[in-house]
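Comments concern the structure below.
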Amino acid sequence: MKRDCNNIYKIARKNAGLTQEEAAELLHISVRSLADYEAGRTIPPDDIVCNMVQIYNARWLAYSHLKHSTMIGQKYLPDLSLTDLPRSVLKLQKEVRDLENINGELIAIVCDGEIDETEKPKWKKIAQEINEMAGAALSVVFSS
């Protein structure tokens with residue numbers, strides 16, 4: 001896991017207003033196991049994370065867990081910037097506008113059903129914009 005994401009489990013627990021002892025009891029795990037997850041010494045199994053998401057009422061934790069603890073998540077899931085709802089909505093609006101600005105290029109590239117070698121550099125930039133918009137949309141969902 002990335003060093004800066006080691007505390008996603010701790011952040012979710014604290015946001016829920018629970019002590020380690022209370023959370024461990026609700027999760028049916030030892031305090032030591034929870035402390036190890038929160039310190040980044042071990043990665044919790046998916047069933048424990050599912051319970052954390054429910055108990056902590058933190059849907060964003062499921063995404064963050066997959067994004068930072070799996071190779072697939074690290075490689076393919078878009079980055080999220082979890083902020084308050086108004087800022088998340090503004091970021092989404094910005095990303096939608098950015099995508100609208102390149103919509104003509106998007107249509108021109110894909111209208112023939114294939115991306116040729118000369119179109120690949122533009123397509124890479126368009127795909128990046130789409131990923132940024134997807135991340136912004138998920139941030140809105142998780143902020144609300």
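Residues are referred to by chain and number: the chain letter is A, B, ... according to the order shown in the structure tokens, the number counts from 1 in that chain, and ligands are numbered separately from 1 in the order shown.
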
May I have the residues within 9 Å of A:Val141 as a PyMOL selection string, using only C-alpha atoms and disregarding those fewer than 4 positions away in the same chain? chain A and resi 60+85+88+136-137

Write a file of the selected residues as an mmCIF file, in the first residue's frame, keeping C-alpha atoms.
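Below is the file result.cif, written as the result:
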data_model
loop_
_atom_site.group_PDB
_atom_site.id
_atom_site.type_symbol
_atom_site.label_atom_id
_atom_site.label_comp_id
_atom_site.auth_asym_id
_atom_site.auth_seq_id
_atom_site.Cartn_x
_atom_site.Cartn_y
_atom_site.Cartn_z
ATOM 1 C CA TRP A 60 -15.519 5.692 0.050
ATOM 2 C CA LEU A 85 -19.804 18.030 -1.330
ATOM 3 C CA SER A 88 -16.727 17.836 -5.253
ATOM 4 C CA ALA A 136 -14.761 13.541 -9.926
ATOM 5 C CA ALA A 137 -18.155 11.849 -10.303
#

From stretch 12-87 of chain A, collect each residue whose DSSP state is alpha helix (DSSP H) and return the set as a ChimeraX atom specification. /A:12-15,20-27,31-39,46-56,59-69,71-76,85-87

Output C-alpha atoms of each residue in that selection to a file, as a PDB file, in the first residue's frame.
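Written out: part.pdb:
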ATOM      1  CA  ALA A  12     -12.902   5.999   8.489  1.00  0.00           C
ATOM      2  CA  ARG A  13     -13.075   4.724  12.073  1.00  0.00           C
ATOM      3  CA  LYS A  14     -12.366   8.137  13.566  1.00  0.00           C
ATOM      4  CA  ASN A  15     -14.921   9.783  11.270  1.00  0.00           C
ATOM      5  CA  GLN A  20     -10.273   1.079  18.327  1.00  0.00           C
ATOM      6  CA  GLU A  21     -11.800  -1.029  21.074  1.00  0.00           C
ATOM      7  CA  GLU A  22     -15.376  -0.218  20.030  1.00  0.00           C
ATOM      8  CA  ALA A  23     -14.644  -0.788  16.348  1.00  0.00           C
ATOM      9  CA  ALA A  24     -12.809  -4.053  16.957  1.00  0.00           C
ATOM     10  CA  GLU A  25     -15.749  -5.360  18.960  1.00  0.00           C
ATOM     11  CA  LEU A  26     -18.249  -4.385  16.243  1.00  0.00           C
ATOM     12  CA  LEU A  27     -16.003  -5.906  13.573  1.00  0.00           C
ATOM     13  CA  VAL A  31      -7.790  -4.652  18.715  1.00  0.00           C
ATOM     14  CA  ARG A  32      -4.315  -5.760  17.631  1.00  0.00           C
ATOM     15  CA  SER A  33      -5.583  -6.735  14.156  1.00  0.00           C
ATOM     16  CA  LEU A  34      -7.334  -3.388  13.782  1.00  0.00           C
ATOM     17  CA  ALA A  35      -4.218  -1.535  14.945  1.00  0.00           C
ATOM     18  CA  ASP A  36      -2.161  -3.449  12.367  1.00  0.00           C
ATOM     19  CA  TYR A  37      -4.609  -2.488   9.596  1.00  0.00           C
ATOM     20  CA  GLU A  38      -4.597   1.144  10.676  1.00  0.00           C
ATOM     21  CA  ALA A  39      -0.801   1.281  10.863  1.00  0.00           C
ATOM     22  CA  ASP A  46     -12.186  -7.879   1.875  1.00  0.00           C
ATOM     23  CA  ASP A  47     -14.818  -9.228   4.271  1.00  0.00           C
ATOM     24  CA  ILE A  48     -13.422  -7.083   7.094  1.00  0.00           C
ATOM     25  CA  VAL A  49     -13.350  -4.018   4.833  1.00  0.00           C
ATOM     26  CA  CYS A  50     -16.975  -4.688   3.838  1.00  0.00           C
ATOM     27  CA  ASN A  51     -17.879  -4.700   7.523  1.00  0.00           C
ATOM     28  CA  MET A  52     -15.884  -1.494   8.081  1.00  0.00           C
ATOM     29  CA  VAL A  53     -17.755   0.207   5.236  1.00  0.00           C
ATOM     30  CA  GLN A  54     -21.096  -0.695   6.823  1.00  0.00           C
ATOM     31  CA  ILE A  55     -20.188  -0.050  10.454  1.00  0.00           C
ATOM     32  CA  TYR A  56     -18.315   3.187   9.737  1.00  0.00           C
ATOM     33  CA  ARG A  59     -18.663   3.891   1.224  1.00  0.00           C
ATOM     34  CA  TRP A  60     -15.519   5.692   0.050  1.00  0.00           C
ATOM     35  CA  LEU A  61     -13.466   3.237   2.101  1.00  0.00           C
ATOM     36  CA  ALA A  62     -14.394   0.358  -0.229  1.00  0.00           C
ATOM     37  CA  TYR A  63     -13.081   2.263  -3.230  1.00  0.00           C
ATOM     38  CA  SER A  64      -9.964   3.482  -1.433  1.00  0.00           C
ATOM     39  CA  HIS A  65      -9.208  -0.039  -0.225  1.00  0.00           C
ATOM     40  CA  LEU A  66      -9.382  -1.419  -3.767  1.00  0.00           C
ATOM     41  CA  LYS A  67      -7.486   1.541  -5.232  1.00  0.00           C
ATOM     42  CA  HIS A  68      -4.565   1.324  -2.826  1.00  0.00           C
ATOM     43  CA  SER A  69      -4.314  -2.317  -1.810  1.00  0.00           C
ATOM     44  CA  MET A  71      -2.565  -4.023  -8.244  1.00  0.00           C
ATOM     45  CA  ILE A  72      -5.681  -3.757 -10.416  1.00  0.00           C
ATOM     46  CA  GLY A  73      -6.945  -0.806  -8.396  1.00  0.00           C
ATOM     47  CA  GLN A  74      -3.595   0.948  -8.517  1.00  0.00           C
ATOM     48  CA  LYS A  75      -3.331   0.503 -12.254  1.00  0.00           C
ATOM     49  CA  TYR A  76      -6.887   1.064 -13.468  1.00  0.00           C
ATOM     50  CA  LEU A  85     -19.804  18.030  -1.330  1.00  0.00           C
ATOM     51  CA  PRO A  86     -19.748  21.589  -2.752  1.00  0.00           C
ATOM     52  CA  ARG A  87     -16.103  21.298  -3.828  1.00  0.00           C
TER      53      ARG A  87
END

What separation in Å, quoted to one decimal, exists between atom CA of A:Val96 and atom CA of A:Met133?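 One can read the atom CA of A:Val96 to atom CA of A:Met133 distance as 6.3 Å.
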
Point out the residue among A:Ala58, A:Pro121, A:Pro45, A:Asp79 with the least atom-to-atom distance to A:Ile109, counting only C-alpha atoms.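 Smallest distance to A:Ile109 is found for A:Pro121.
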
Report the distance between atom CA of A:Val110 and atom CA of A:Lys125 in Å, rounded to one decimal place. 13.8 Å

Between atom CA of A:Lys10 and atom CA of A:Asn131, what is the spacing in Å?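 So the answer is 27.4 Å.
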
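With only C-alpha atoms as the atoms that count, the minimum distance from A:Ile29 to the choices A:Pro78, A:Pro44, A:Gly104, A:Gly135 is reached by A:Pro44.
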
Which residue gives the smallest distance to A:Ile107 among A:Ile126, A:Ile8, A:Ile43, A:Leu77, with only C-alpha atoms counted?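 When distances to A:Ile107 are compared using only C-alpha atoms, the smallest one comes from A:Ile126.
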